[in-house]
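What's in upload27.json: JSON, C-alpha atoms
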[["chain", "number", "residue", "atom", "x", "y", "z"],
["U", 1, "MET", "CA", 13.71, -25.02, -9.88],
["U", 2, "PRO", "CA", 10.23, -23.74, -10.82],
["U", 3, "ASP", "CA", 9.33, -23.15, -14.45],
["U", 4, "PRO", "CA", 10.29, -19.53, -15.38],
["U", 5, "LEU", "CA", 6.89, -18.92, -17.00],
["U", 6, "VAL", "CA", 5.15, -20.08, -13.82],
["U", 7, "VAL", "CA", 7.36, -17.79, -11.74],
["U", 8, "LEU", "CA", 6.68, -14.85, -14.08],
["U", 9, "SER", "CA", 2.91, -15.27, -14.20],
["U", 10, "SER", "CA", 2.60, -16.14, -10.50],
["U", 11, "GLY", "CA", 4.71, -13.13, -9.52],
["U", 12, "ILE", "CA", 2.67, -10.70, -11.61],
["U", 13, "LEU", "CA", -0.61, -12.07, -10.24],
["U", 14, "LEU", "CA", 0.67, -11.97, -6.65],
["U", 15, "GLY", "CA", 1.92, -8.40, -7.17],
["U", 16, "LEU", "CA", -1.48, -7.34, -8.52],
["U", 17, "SER", "CA", -3.26, -9.17, -5.69],
["U", 18, "MET", "CA", -1.18, -7.20, -3.20],
["U", 19, "ALA", "CA", -1.54, -3.81, -4.93],
["U", 20, "ALA", "CA", -5.09, -3.77, -6.33],
["U", 21, "PRO", "CA", -7.50, -4.41, -3.42],
["U", 22, "PRO", "CA", -9.17, -1.32, -1.96],
["U", 23, "GLY", "CA", -7.33, -0.09, 1.07],
["U", 24, "PRO", "CA", -5.44, 2.83, 2.56],
["U", 25, "VAL", "CA", -2.64, 2.89, -0.02],
["U", 26, "ASN", "CA", -5.04, 2.92, -2.97],
["U", 27, "ALA", "CA", -7.12, 5.60, -1.26],
["U", 28, "MET", "CA", -4.02, 7.77, -0.95],
["U", 29, "ILE", "CA", -2.97, 7.00, -4.55],
["U", 30, "ALA", "CA", -6.44, 8.08, -5.75],
["U", 31, "ASN", "CA", -6.27, 11.30, -3.75],
["U", 32, "GLU", "CA", -2.81, 12.16, -5.09],
["U", 33, "ALA", "CA", -3.79, 11.17, -8.65],
["U", 34, "LEU", "CA", -6.26, 14.06, -8.65],
["U", 35, "LYS", "CA", -3.22, 16.36, -8.86],
["U", 36, "SER", "CA", -1.61, 14.35, -11.64],
["U", 37, "PRO", "CA", -1.08, 10.72, -12.61],
["U", 38, "LEU", "CA", 2.58, 11.16, -11.69],
["U", 39, "HIS", "CA", 1.68, 12.18, -8.11],
["U", 40, "GLY", "CA", -0.44, 9.03, -7.80],
["U", 41, "THR", "CA", 2.30, 6.87, -9.27],
["U", 42, "ALA", "CA", 4.88, 8.45, -6.95],
["U", 43, "THR", "CA", 2.66, 7.58, -3.97],
["U", 44, "GLY", "CA", 2.38, 4.01, -5.23],
["U", 45, "ALA", "CA", 6.14, 3.89, -5.79],
["U", 46, "GLY", "CA", 6.66, 4.90, -2.17],
["U", 47, "ALA", "CA", 4.40, 2.07, -1.01],
["U", 48, "MET", "CA", 6.21, -0.30, -3.40],
["U", 49, "THR", "CA", 9.52, 0.73, -1.84],
["U", 50, "ALA", "CA", 8.05, -0.33, 1.50],
["U", 51, "ASP", "CA", 7.16, -3.68, -0.11],
["U", 52, "LEU", "CA", 10.72, -4.03, -1.37],
["U", 53, "THR", "CA", 11.95, -3.33, 2.15],
["U", 54, "TYR", "CA", 9.65, -6.03, 3.54],
["U", 55, "PHE", "CA", 10.67, -8.44, 0.77],
["U", 56, "VAL", "CA", 14.32, -8.09, 1.77],
["U", 57, "LEU", "CA", 13.46, -8.32, 5.47],
["U", 58, "MET", "CA", 11.45, -11.49, 4.90],
["U", 59, "LEU", "CA", 14.38, -13.01, 3.06],
["U", 60, "PHE", "CA", 16.65, -12.50, 6.05],
["U", 61, "LEU", "CA", 14.56, -12.03, 9.18],
["U", 62, "ALA", "CA", 11.39, -14.07, 8.70],
["U", 63, "ASN", "CA", 12.13, -16.44, 11.55],
["U", 64, "TYR", "CA", 12.82, -13.65, 14.04],
["U", 65, "VAL", "CA", 9.59, -11.54, 14.03],
["U", 66, "PRO", "CA", 8.13, -11.81, 17.56],
["U", 67, "GLN", "CA", 4.36, -12.23, 17.54],
["U", 68, "GLY", "CA", 3.96, -9.84, 20.49],
["U", 69, "VAL", "CA", 5.20, -6.89, 18.41],
["U", 70, "ILE", "CA", 2.60, -7.21, 15.65],
["U", 71, "PRO", "CA", -0.30, -5.57, 17.60],
["U", 72, "TRP", "CA", 1.84, -2.44, 18.06],
["U", 73, "PHE", "CA", 2.31, -2.24, 14.28],
["U", 74, "TYR", "CA", -1.49, -2.15, 14.00],
["U", 75, "ILE", "CA", -1.87, 0.66, 16.54],
["U", 76, "VAL", "CA", 0.88, 2.87, 15.11],
["U", 77, "GLY", "CA", -0.16, 2.16, 11.51],
["U", 78, "GLY", "CA", -3.81, 2.84, 12.35],
["U", 79, "ALA", "CA", -2.97, 6.20, 13.92],
["U", 80, "ILE", "CA", -0.96, 7.20, 10.83],
["U", 81, "MET", "CA", -3.85, 6.17, 8.56],
["U", 82, "ILE", "CA", -6.25, 8.37, 10.54],
["U", 83, "TYR", "CA", -3.81, 11.27, 10.16],
["U", 84, "PHE", "CA", -3.69, 10.65, 6.40],
["U", 85, "ALA", "CA", -7.52, 10.44, 6.30],
["U", 86, "TYR", "CA", -7.76, 13.93, 7.74],
["U", 87, "GLY", "CA", -5.16, 15.12, 5.22],
["U", 88, "ALA", "CA", -7.07, 13.55, 2.31],
["U", 89, "LEU", "CA", -10.28, 15.31, 3.34],
["U", 90, "LYS", "CA", -8.65, 18.72, 3.85],
["U", 91, "ALA", "CA", -6.30, 18.54, 0.88],
["U", 92, "ARG", "CA", -6.63, 21.25, -1.69],
["U", 93, "PRO", "CA", -5.55, 20.66, -5.27],
["U", 94, "VAL", "CA", -2.26, 22.49, -4.87],
["U", 95, "ARG", "CA", 0.92, 21.52, -6.61],
["U", 96, "THR", "CA", 3.30, 19.64, -4.38],
["U", 97, "LYS", "CA", 6.57, 18.04, -5.21],
["U", 98, "ILE", "CA", 6.49, 14.50, -6.51],
["U", 99, "SER", "CA", 8.96, 13.60, -3.75],
["U", 100, "GLY", "CA", 6.32, 14.54, -1.14],
["U", 101, "SER", "CA", 3.86, 12.09, -2.70],
["U", 102, "TYR", "CA", 6.56, 9.43, -2.76],
["U", 103, "LEU", "CA", 7.46, 9.97, 0.90],
["U", 104, "ASN", "CA", 3.79, 9.87, 1.96],
["U", 105, "GLY", "CA", 3.37, 6.56, 0.14],
["U", 106, "LEU", "CA", 6.56, 5.23, 1.73],
["U", 107, "LYS", "CA", 5.47, 6.26, 5.24],
["U", 108, "LEU", "CA", 2.04, 4.70, 4.80],
["U", 109, "GLY", "CA", 3.53, 1.54, 3.29],
["U", 110, "LEU", "CA", 6.05, 1.09, 6.09],
["U", 111, "THR", "CA", 3.42, 1.54, 8.82],
["U", 112, "ASN", "CA", 0.40, -0.05, 7.11],
["U", 113, "PRO", "CA", -0.47, -3.06, 9.28],
["U", 114, "TYR", "CA", -2.11, -4.79, 6.34],
["U", 115, "GLN", "CA", 1.06, -4.61, 4.29],
["U", 116, "ILE", "CA", 3.10, -5.81, 7.26],
["U", 117, "THR", "CA", 0.67, -8.65, 7.92],
["U", 118, "TRP", "CA", 0.57, -9.59, 4.23],
["U", 119, "TRP", "CA", 4.33, -9.94, 4.21],
["U", 120, "ILE", "CA", 4.37, -11.98, 7.39],
["U", 121, "ALA", "CA", 1.42, -14.18, 6.35],
["U", 122, "TYR", "CA", 1.99, -14.53, 2.58],
["U", 123, "GLY", "CA", 5.42, -13.13, 1.84],
["U", 124, "ILE", "CA", 7.27, -15.81, 3.75],
["U", 125, "PRO", "CA", 5.40, -18.70, 2.05],
["U", 126, "MET", "CA", 5.76, -17.00, -1.36],
["U", 127, "ILE", "CA", 9.52, -16.70, -0.96],
["U", 128, "ASP", "CA", 9.73, -20.20, 0.49],
["U", 129, "HIS", "CA", 7.91, -21.65, -2.54],
["U", 130, "PHE", "CA", 9.50, -19.62, -5.33],
["U", 131, "SER", "CA", 12.70, -18.33, -3.66],
["U", 132, "TYR", "CA", 13.94, -14.82, -4.30],
["U", 133, "LEU", "CA", 13.36, -15.42, -8.05],
["U", 134, "ILE", "CA", 9.73, -14.34, -7.59],
["U", 135, "GLY", "CA", 10.85, -10.79, -6.76],
["U", 136, "PRO", "CA", 11.15, -9.23, -10.24],
["U", 137, "SER", "CA", 7.80, -10.48, -11.53],
["U", 138, "PHE", "CA", 6.08, -9.67, -8.20],
["U", 139, "PHE", "CA", 7.23, -6.06, -8.43],
["U", 140, "LEU", "CA", 6.32, -5.95, -12.11],
["U", 141, "GLY", "CA", 2.73, -6.70, -11.07],
["U", 142, "ILE", "CA", 2.83, -3.82, -8.60],
["U", 143, "LEU", "CA", 4.34, -1.50, -11.24],
["U", 144, "ILE", "CA", 1.52, -2.33, -13.65],
["U", 145, "TRP", "CA", -0.96, -1.25, -10.97],
["U", 146, "ILE", "CA", 0.78, 1.93, -9.80],
["U", 147, "PHE", "CA", 1.04, 3.24, -13.36],
["U", 148, "SER", "CA", -2.45, 2.30, -14.63],
["U", 149, "TYR", "CA", -4.59, 3.04, -11.55],
["U", 150, "PRO", "CA", -3.50, 6.71, -11.05],
["U", 151, "TYR", "CA", -3.89, 7.38, -14.76],
["U", 152, "ILE", "CA", -7.49, 6.09, -14.71],
["U", 153, "VAL", "CA", -8.35, 7.97, -11.51],
["U", 154, "HIS", "CA", -6.91, 11.20, -12.91],
["U", 155, "ARG", "CA", -8.81, 10.84, -16.19],
["U", 156, "VAL", "CA", -12.11, 10.18, -14.40],
["U", 157, "GLY", "CA", -11.48, 12.49, -11.42],
["U", 158, "GLY", "CA", -10.41, 15.39, -13.59],
["U", 159, "LEU", "CA", -13.75, 15.52, -15.35],
["U", 160, "SER", "CA", -15.75, 17.37, -12.69],
["U", 161, "ASP", "CA", -15.69, 18.92, -9.24],
["U", 162, "LYS", "CA", -18.18, 16.26, -8.12],
["U", 163, "ALA", "CA", -15.72, 13.51, -9.09],
["U", 164, "VAL", "CA", -12.94, 15.25, -7.13],
["U", 165, "ILE", "CA", -15.17, 15.49, -4.04],
["U", 166, "ALA", "CA", -16.20, 11.84, -4.44],
["U", 167, "VAL", "CA", -12.56, 10.66, -4.60],
["U", 168, "LYS", "CA", -11.70, 12.78, -1.54],
["U", 169, "LEU", "CA", -14.64, 11.40, 0.44],
["U", 170, "PHE", "CA", -13.81, 7.87, -0.65],
["U", 171, "SER", "CA", -10.16, 8.36, 0.34],
["U", 172, "PHE", "CA", -11.14, 9.83, 3.70],
["U", 173, "ALA", "CA", -13.65, 7.07, 4.47],
["U", 174, "VAL", "CA", -11.32, 4.20, 3.51],
["U", 175, "LEU", "CA", -8.30, 5.60, 5.36],
["U", 176, "LEU", "CA", -10.37, 6.40, 8.46],
["U", 177, "ALA", "CA", -12.11, 3.01, 8.49],
["U", 178, "PHE", "CA", -8.87, 1.07, 8.05],
["U", 179, "GLY", "CA", -7.14, 3.25, 10.65],
["U", 180, "VAL", "CA", -9.81, 2.69, 13.30],
["U", 181, "TYR", "CA", -10.04, -1.01, 12.46],
["U", 182, "ALA", "CA", -6.26, -1.40, 12.72],
["U", 183, "ILE", "CA", -6.19, 0.28, 16.13],
["U", 184, "VAL", "CA", -9.01, -1.94, 17.40],
["U", 185, "LEU", "CA", -7.19, -5.06, 16.15],
["U", 186, "GLY", "CA", -3.98, -3.86, 17.79],
["U", 187, "VAL", "CA", -5.69, -3.26, 21.14],
["U", 188, "TRP", "CA", -7.37, -6.67, 20.97],
["U", 189, "GLY", "CA", -4.04, -8.24, 20.11],
["U", 190, "ILE", "CA", -2.37, -6.67, 23.14],
["U", 191, "LYS", "CA", -5.20, -7.70, 25.48],
["U", 192, "GLY", "CA", -4.88, -11.24, 24.13]]
Now that the file is in, can you turn its structure into structure tokens?
Amino acid sequence: MPDPLVVLSSGILLGLSMAAPPGPVNAMIANEALKSPLHGTATGAGAMTADLTYFVLMLFLANYVPQGVIPWFYIVGGAIMIYFAYGALKARPVRTKISGSYLNGLKLGLTNPYQITWWIAYGIPMIDHFSYLIGPSFFLGILIWIFSYPYIVHRVGGLSDKAVIAVKLFSFAVLLAFGVYAIVLGVWGIKG
């Protein structure tokens, strides 16, 4: 059995490594954090729920994921990211329910080909090496990110209209780029 301190520190670092890199989920978190830190955190919590879903799936179904299905995840996920990119650009700072932010994060997390690929490529080895015991510290790392990142974005983004426009443009550009890239990868994957 691995040393508990190693499991704790490894899990937190792996959780942060999954949550922190720039990508479509963080673009959406930043966009929602302009409304309030809680909206950003709710979006991140939705994406984290998707990670929890994949964690459980990898525990039970890792050996049964057919490689031919993965390109379709890219195409569908890419199309959803492009839809969210348009929404990020057109969004007005209106009050929405926290549950809407959560559901948007969940939808993006469940269809994000990068999250899916991460779980297939790294989730299986992580669970194989540490067993299910890595779960709590892994999700603690994600929680650290989804509480601190929206707070920082809101504090900085709330300072001026220029900062709000910059976050929107950044969110749009990242979501659009990842969406198009995912679709291209999916098409290439299907063509073989």
For the contact check between segment 1-75 of chain U and segment 124-128 of chain U, emit one row per residue of segment 1-75 of chain U within 10 Å, containing the shortest atom pair and the distance in Å rounded to one decimal, counting all atoms listed in the file, chain then rising number order, as a Markdown table.
| residue | atom | partner | partner_atom | distance |
| --- | --- | --- | --- | --- |
| U:Ser10 | CA | U:Met126 | CA | 9.7 |
| U:Gly11 | CA | U:Met126 | CA | 9.1 |
| U:Leu14 | CA | U:Met126 | CA | 8.9 |
| U:Phe55 | CA | U:Ile127 | CA | 8.5 |
| U:Leu57 | CA | U:Ile124 | CA | 9.9 |
| U:Met58 | CA | U:Ile124 | CA | 6.1 |
| U:Leu59 | CA | U:Ile127 | CA | 7.3 |
| U:Leu61 | CA | U:Ile124 | CA | 9.8 |
| U:Ala62 | CA | U:Ile124 | CA | 6.7 |
| U:Asn63 | CA | U:Ile124 | CA | 9.2 |
- Message: What's the separation between atom CA of Thr43 of chain U and atom CA of Ser101 of chain U, in Å to one decimal place?
- Response: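 The value is 4.8 Å.
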- Neighbours of Leu103 of chain U within 12 Å (all atoms listed in the file; same-chain residues fewer than 6 positions away dropped), as a list in words?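 That gives Met28, His39, Gly40, Thr41, Ala42, Thr43, Gly44, Ala45, Gly46, Ala47, Met48, Thr49, Ala50, Thr96, Lys97, Gly109 and Leu110 of chain U.
For Leu175 of chain U, the set of protein, DNA and RNA residues having any atom at most 8 Å away, when counting all atoms listed in the file and skipping those fewer than 4 positions along the same chain, is Gly23, Pro24, Ala27, Met28, Met81, Ile82, Phe84, Ala85, Ser171 and Gly179 of chain U.
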Would you write out those residues with C-alpha atoms, as a CSV table (one decimal), in the frame of the given file?
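And here is the file that came out, part_11.csv:
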chain,number,residue,atom,x,y,z
U,23,GLY,CA,-7.3,-0.1,1.1
U,24,PRO,CA,-5.4,2.8,2.6
U,27,ALA,CA,-7.1,5.6,-1.3
U,28,MET,CA,-4.0,7.8,-1.0
U,81,MET,CA,-3.8,6.2,8.6
U,82,ILE,CA,-6.2,8.4,10.5
U,84,PHE,CA,-3.7,10.6,6.4
U,85,ALA,CA,-7.5,10.4,6.3
U,171,SER,CA,-10.2,8.4,0.3
U,179,GLY,CA,-7.1,3.2,10.6
- Nearest residue to Leu108 of chain U from the set U:Val25, U:Val153, U:Ile142, U:Val184 (distances using only C-alpha atoms):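 With only C-alpha atoms as the atom set, the closest residue is U:Val25.
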Provide an axis-aligned box for all listed atoms of segment 44-54 of chain U, padding each side by 6 Å; report its centre and its edge lengths in Å to one decimal, as JSON.
{"center_x": 7.2, "center_y": -0.6, "center_z": -1.1, "size_x": 21.6, "size_y": 22.9, "size_z": 21.3}
- Item | Between atom CA of Gly15 of chain U and atom CA of Trp188 of chain U - distance in Å to one decimal |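 Separation between atom CA of Trp188 of chain U and atom CA of Gly15 of chain U: 29.7 Å.
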- Query: Which is closer to Ala79 of chain U than all the others in U:Val56, U:Ile134, U:Leu34, U:Val180, using all atoms listed in the file?
  - Reply: U:Val180
- Query: Rounded to one decimal in Å, what is the spacing between atom CA of Gly78 of chain U and atom CA of Phe139 of chain U?
  - Reply: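 So the answer is 25.2 Å.
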Give as an mmCIF file with C-alpha atoms, keeping the file's coordinate frame the set of residues within 12 Å of the point (1.9, -7.2, 15.7), where distances use the file's coordinates and only C-alpha atoms.
data_model
loop_
_atom_site.group_PDB
_atom_site.id
_atom_site.type_symbol
_atom_site.label_atom_id
_atom_site.label_comp_id
_atom_site.auth_asym_id
_atom_site.auth_seq_id
_atom_site.Cartn_x
_atom_site.Cartn_y
_atom_site.Cartn_z
ATOM 1 C CA VAL U 65 9.590 -11.540 14.030
ATOM 2 C CA PRO U 66 8.130 -11.810 17.560
ATOM 3 C CA GLN U 67 4.360 -12.230 17.540
ATOM 4 C CA GLY U 68 3.960 -9.840 20.490
ATOM 5 C CA VAL U 69 5.200 -6.890 18.410
ATOM 6 C CA ILE U 70 2.600 -7.210 15.650
ATOM 7 C CA PRO U 71 -0.300 -5.570 17.600
ATOM 8 C CA TRP U 72 1.840 -2.440 18.060
ATOM 9 C CA PHE U 73 2.310 -2.240 14.280
ATOM 10 C CA TYR U 74 -1.490 -2.150 14.000
ATOM 11 C CA ILE U 75 -1.870 0.660 16.540
ATOM 12 C CA VAL U 76 0.880 2.870 15.110
ATOM 13 C CA GLY U 77 -0.160 2.160 11.510
ATOM 14 C CA THR U 111 3.420 1.540 8.820
ATOM 15 C CA ASN U 112 0.400 -0.050 7.110
ATOM 16 C CA PRO U 113 -0.470 -3.060 9.280
ATOM 17 C CA TYR U 114 -2.110 -4.790 6.340
ATOM 18 C CA GLN U 115 1.060 -4.610 4.290
ATOM 19 C CA ILE U 116 3.100 -5.810 7.260
ATOM 20 C CA THR U 117 0.670 -8.650 7.920
ATOM 21 C CA TRP U 118 0.570 -9.590 4.230
ATOM 22 C CA ILE U 120 4.370 -11.980 7.390
ATOM 23 C CA ALA U 121 1.420 -14.180 6.350
ATOM 24 C CA ALA U 182 -6.260 -1.400 12.720
ATOM 25 C CA ILE U 183 -6.190 0.280 16.130
ATOM 26 C CA LEU U 185 -7.190 -5.060 16.150
ATOM 27 C CA GLY U 186 -3.980 -3.860 17.790
ATOM 28 C CA VAL U 187 -5.690 -3.260 21.140
ATOM 29 C CA TRP U 188 -7.370 -6.670 20.970
ATOM 30 C CA GLY U 189 -4.040 -8.240 20.110
ATOM 31 C CA ILE U 190 -2.370 -6.670 23.140
ATOM 32 C CA GLY U 192 -4.880 -11.240 24.130
#
